[in-house]
Amino acid sequence: MSKVDLHTHTTASDGLHRPKENVRMAAEAGLSAVAITDHDTVAGIAEAAAAAPIYGIEVVPGVEISTSLAGKEIHVLGYYIDIRDGLLLERLISQRKVRDSRNEGIVARLNELGIPLTTEQVAEAAGRKPGAIETIGRPHIAEALVRIGAVDSVQEAFDRYLAKGRAAYVDPPPRITPFEAFAWIREAGGAAIVAHPGLYGNDELAAELLDGGADGLEAYHSDHTAEQEERYRGLAENRGKIVTGGSDFHGARKGKLYHGAIGSRSVDESVLERLRGARG
């Protein structure tokens with residue numbers, strides 16, 4: 001049976017590979033389709049779609065929207081969205097502005113710690129220009145810290161400064177709720193899926209989100225155990241919801257993959273028809 005990986009990131013957000021490279025790797029992994037699901041942006045989809053006929057696979061247009069509920073960060077995946085929808089694009093700009101304000105807070109905290117980092121250096125590390133439609137996040141701050149010699153590696157940057165509870169960590173500003181993200185995705189013609197529920201450590205929350213309007217649940221994920229995958233599959237199926245899965249591929253630094261390789265988590269391509277059928 002043909003398989004699809006419904007969760008990958010590119011250089012349009014915090015991935016390390018250009019969108020066309022994700023498509024190439026997906027084809028080499030024997031997949032029939034791959035979704036591009038960058039954080040709060042659809043900037044990488046056009047390039048990926050242009051590469052799709054070259055490699056003979058389908059590119060599923062997607063996005064991963066950051067939300068919060070009861071103090072917990074929740075990610076919502078949207079599939080088959082209209083990437084030209086003006087309202088969606090405006091909403092994603094607002095999401096990136098929230099992320100930018102957090103980045104500025106982290107840089108300010110680092111400055112207080114005696115580290116002379118600037119937001120311009122972070123943008124340079126991310127390969128971004130002012131007003132770019134791509135996302136900048138903590139991995140780019142970590143890369144900037146490596147570049148200025150404040151740390152020896154991205155992992156050290158997170159361990160010392162950027163991970164939750166570390167010296168320069170800043171809580172994300174208030175975000176939209178996942179229920180609002182479901183609505184945004186549907187209004188842009190897409191299907192809304194709760195990403196990696198195992199990372200939230202609250203199965204009751206996962207059930208609440210399914211009952212609250214999500215079209216499905218990402219049961220298969222690189223950071224889920226086999227037991228979790230089966231539990232989340234049952235949680236979705238018992239409600240008549242869609243079961244999805246993906247690697248959450250970001251790329252590798254010094255040979256170490258972040259989450260998993262493209263195709264390391266996948267679902268049957270028949271899931272695509274259900275996602276198309278669930279579109280708003």
# chains A, B, ... in the order shown; residues from 1 in each chain; ligands from 1

call {"tool": "residues_around", "arguments": {"residues": "region 145-155 of chain A", "least_positions_apart": "5", "cutoff": "8 Å", "atoms": "only C-alpha atoms", "output": "VMD selection string"}}
result
chain A and resid 115 117 125 139

call {"tool": "select_by_dssp", "arguments": {"residues": "region 38-176 of chain A", "states": "helix (DSSP H, G or I)", "output": "ChimeraX atom specification"}}
result
/A:45-55,86-112,119-126,138-147,154-162

call {"tool": "residues_around", "arguments": {"residues": "Gly56 (chain A)", "least_positions_apart": "6", "cutoff": "12 Å", "atoms": "only C-alpha atoms", "output": "list in words"}}
result
Val23, Arg24, Met25, Ala26, Ala27, Glu28, Gly30, Leu31, Ser32, Ala33, Val34, Ala48, Ala49 and Ala50 of chain A

call {"tool": "residues_around", "arguments": {"residues": "Gly263 (chain A)", "least_positions_apart": "5", "cutoff": "8 Å", "atoms": "only C-alpha atoms", "output": "number ranges by chain"}}
result
A: 4-5, 26, 29, 31, 246-247

call {"tool": "write_last_selection", "arguments": {"atoms": "N, CA and C atoms", "output": "PDB file, in the first residue's frame"}}
result
ATOM      1  N   VAL A   4       1.914   7.867   3.032  1.00  0.00           N
ATOM      2  CA  VAL A   4       2.083   9.319   3.006  1.00  0.00           C
ATOM      3  C   VAL A   4       2.582   9.801   4.359  1.00  0.00           C
ATOM      4  N   ASP A   5       3.438  10.806   4.332  1.00  0.00           N
ATOM      5  CA  ASP A   5       3.937  11.448   5.542  1.00  0.00           C
ATOM      6  C   ASP A   5       3.277  12.821   5.612  1.00  0.00           C
ATOM      7  N   ALA A  26      11.041  12.581   0.157  1.00  0.00           N
ATOM      8  CA  ALA A  26       9.810  11.802   0.278  1.00  0.00           C
ATOM      9  C   ALA A  26       9.710  10.787  -0.854  1.00  0.00           C
ATOM     10  N   ALA A  29      12.022   7.996  -0.291  1.00  0.00           N
ATOM     11  CA  ALA A  29      11.545   7.109   0.768  1.00  0.00           C
ATOM     12  C   ALA A  29      10.392   6.225   0.301  1.00  0.00           C
ATOM     13  N   LEU A  31       7.372   7.265  -0.732  1.00  0.00           N
ATOM     14  CA  LEU A  31       6.046   7.788  -0.397  1.00  0.00           C
ATOM     15  C   LEU A  31       5.297   8.223  -1.653  1.00  0.00           C
ATOM     16  N   GLY A 246       2.654  11.367  10.864  1.00  0.00           N
ATOM     17  CA  GLY A 246       3.773  11.954  10.137  1.00  0.00           C
ATOM     18  C   GLY A 246       5.020  11.985  10.980  1.00  0.00           C
ATOM     19  N   SER A 247       6.132  12.201  10.313  1.00  0.00           N
ATOM     20  CA  SER A 247       7.437  12.154  10.972  1.00  0.00           C
ATOM     21  C   SER A 247       7.734  13.395  11.794  1.00  0.00           C
TER      22      SER A 247
END

call {"tool": "residues_around", "arguments": {"residues": "Leu113 (chain A)", "least_positions_apart": "6", "cutoff": "10 Å", "atoms": "only C-alpha atoms", "output": "list in words"}}
result
Val107, Tyr161, Ala167 and Ala168 of chain A

call {"tool": "residues_around", "arguments": {"residues": "Val122 (chain A)", "least_positions_apart": "4", "cutoff": "12 Å", "atoms": "only C-alpha atoms", "output": "PDB file with N, CA and C atoms, in the first residue's frame"}}
result
ATOM      1  N   ASP A 100       7.255  36.736  16.839  1.00  0.00           N
ATOM      2  CA  ASP A 100       8.322  37.740  16.800  1.00  0.00           C
ATOM      3  C   ASP A 100       8.472  38.456  18.140  1.00  0.00           C
ATOM      4  N   ASN A 103      10.384  36.253  20.383  1.00  0.00           N
ATOM      5  CA  ASN A 103      11.798  36.246  20.008  1.00  0.00           C
ATOM      6  C   ASN A 103      12.506  37.483  20.558  1.00  0.00           C
ATOM      7  N   GLU A 104      11.848  38.631  20.453  1.00  0.00           N
ATOM      8  CA  GLU A 104      12.437  39.869  20.971  1.00  0.00           C
ATOM      9  C   GLU A 104      12.641  39.782  22.481  1.00  0.00           C
ATOM     10  N   ILE A 106      13.194  37.024  24.173  1.00  0.00           N
ATOM     11  CA  ILE A 106      14.316  36.109  24.432  1.00  0.00           C
ATOM     12  C   ILE A 106      15.645  36.820  24.198  1.00  0.00           C
ATOM     13  N   VAL A 107      15.719  37.580  23.104  1.00  0.00           N
ATOM     14  CA  VAL A 107      16.958  38.319  22.817  1.00  0.00           C
ATOM     15  C   VAL A 107      17.242  39.314  23.946  1.00  0.00           C
ATOM     16  N   PRO A 116      25.691  39.542  23.758  1.00  0.00           N
ATOM     17  CA  PRO A 116      25.366  40.646  22.839  1.00  0.00           C
ATOM     18  C   PRO A 116      24.740  40.174  21.526  1.00  0.00           C
ATOM     19  N   LEU A 117      23.565  39.575  21.625  1.00  0.00           N
ATOM     20  CA  LEU A 117      22.862  39.095  20.440  1.00  0.00           C
ATOM     21  C   LEU A 117      21.833  40.130  20.003  1.00  0.00           C
ATOM     22  N   THR A 118      21.629  40.266  18.693  1.00  0.00           N
ATOM     23  CA  THR A 118      20.624  41.198  18.172  1.00  0.00           C
ATOM     24  C   THR A 118      19.584  40.433  17.351  1.00  0.00           C
ATOM     25  N   ALA A 126      18.617  32.883  10.351  1.00  0.00           N
ATOM     26  CA  ALA A 126      17.445  32.222   9.784  1.00  0.00           C
ATOM     27  C   ALA A 126      17.367  32.396   8.269  1.00  0.00           C
ATOM     28  N   GLY A 127      18.237  33.252   7.715  1.00  0.00           N
ATOM     29  CA  GLY A 127      18.188  33.521   6.287  1.00  0.00           C
ATOM     30  C   GLY A 127      16.979  34.343   5.888  1.00  0.00           C
ATOM     31  N   ARG A 128      16.554  35.216   6.794  1.00  0.00           N
ATOM     32  CA  ARG A 128      15.352  36.008   6.564  1.00  0.00           C
ATOM     33  C   ARG A 128      15.698  37.467   6.297  1.00  0.00           C
ATOM     34  N   LYS A 129      14.814  38.133   5.571  1.00  0.00           N
ATOM     35  CA  LYS A 129      14.888  39.570   5.362  1.00  0.00           C
ATOM     36  C   LYS A 129      13.716  40.224   6.085  1.00  0.00           C
ATOM     37  N   PRO A 130      13.817  41.509   6.392  1.00  0.00           N
ATOM     38  CA  PRO A 130      12.689  42.195   7.056  1.00  0.00           C
ATOM     39  C   PRO A 130      11.399  42.017   6.275  1.00  0.00           C
ATOM     40  N   THR A 135       8.732  31.921   8.966  1.00  0.00           N
ATOM     41  CA  THR A 135       8.702  32.000  10.424  1.00  0.00           C
ATOM     42  C   THR A 135      10.115  31.989  11.004  1.00  0.00           C
ATOM     43  N   ILE A 136      10.318  32.752  12.087  1.00  0.00           N
ATOM     44  CA  ILE A 136      11.562  32.716  12.862  1.00  0.00           C
ATOM     45  C   ILE A 136      11.227  32.202  14.259  1.00  0.00           C
ATOM     46  N   GLY A 137      12.012  31.253  14.749  1.00  0.00           N
ATOM     47  CA  GLY A 137      11.733  30.674  16.056  1.00  0.00           C
ATOM     48  C   GLY A 137      12.996  30.422  16.868  1.00  0.00           C
ATOM     49  N   ARG A 138      12.831  29.723  17.976  1.00  0.00           N
ATOM     50  CA  ARG A 138      13.966  29.471  18.873  1.00  0.00           C
ATOM     51  C   ARG A 138      15.139  28.737  18.208  1.00  0.00           C
ATOM     52  N   PRO A 139      14.893  27.788  17.292  1.00  0.00           N
ATOM     53  CA  PRO A 139      16.048  27.153  16.643  1.00  0.00           C
ATOM     54  C   PRO A 139      16.946  28.149  15.916  1.00  0.00           C
ATOM     55  N   HIS A 140      16.347  29.220  15.389  1.00  0.00           N
ATOM     56  CA  HIS A 140      17.152  30.237  14.705  1.00  0.00           C
ATOM     57  C   HIS A 140      17.939  31.072  15.721  1.00  0.00           C
ATOM     58  N   ILE A 141      17.339  31.322  16.875  1.00  0.00           N
ATOM     59  CA  ILE A 141      18.072  32.016  17.939  1.00  0.00           C
ATOM     60  C   ILE A 141      19.246  31.160  18.380  1.00  0.00           C
ATOM     61  N   ALA A 142      19.014  29.844  18.488  1.00  0.00           N
ATOM     62  CA  ALA A 142      20.089  28.933  18.877  1.00  0.00           C
ATOM     63  C   ALA A 142      21.223  28.959  17.863  1.00  0.00           C
ATOM     64  N   GLU A 143      20.867  28.959  16.582  1.00  0.00           N
ATOM     65  CA  GLU A 143      21.885  29.010  15.534  1.00  0.00           C
ATOM     66  C   GLU A 143      22.667  30.324  15.602  1.00  0.00           C
ATOM     67  N   ALA A 144      21.982  31.428  15.889  1.00  0.00           N
ATOM     68  CA  ALA A 144      22.663  32.716  16.017  1.00  0.00           C
ATOM     69  C   ALA A 144      23.640  32.705  17.198  1.00  0.00           C
ATOM     70  N   LEU A 145      23.245  32.054  18.288  1.00  0.00           N
ATOM     71  CA  LEU A 145      24.141  31.958  19.449  1.00  0.00           C
ATOM     72  C   LEU A 145      25.399  31.172  19.108  1.00  0.00           C
ATOM     73  N   VAL A 146      25.251  30.143  18.277  1.00  0.00           N
ATOM     74  CA  VAL A 146      26.425  29.385  17.832  1.00  0.00           C
ATOM     75  C   VAL A 146      27.322  30.277  16.981  1.00  0.00           C
ATOM     76  N   ARG A 147      26.708  31.045  16.099  1.00  0.00           N
ATOM     77  CA  ARG A 147      27.477  31.888  15.177  1.00  0.00           C
ATOM     78  C   ARG A 147      28.304  32.944  15.892  1.00  0.00           C
ATOM     79  N   ILE A 148      27.772  33.488  16.991  1.00  0.00           N
ATOM     80  CA  ILE A 148      28.532  34.529  17.703  1.00  0.00           C
ATOM     81  C   ILE A 148      29.464  33.934  18.754  1.00  0.00           C
TER      82      ILE A 148
END

call {"tool": "closest_atom_pairs", "arguments": {"of": "region 260-279 of chain A", "to": "region 186-201 of chain A", "cutoff": "9 Å", "atoms": "only C-alpha atoms", "output": "tab-separated table"}}
result
residue	atom	partner	partner_atom	distance
A:Leu275	CA	A:Ala191	CA	5.9
A:Arg276	CA	A:Ala191	CA	7.3
A:Gly277	CA	A:Ala191	CA	8.4
A:Ala278	CA	A:Ala191	CA	5.6
A:Arg279	CA	A:Gly190	CA	4.5
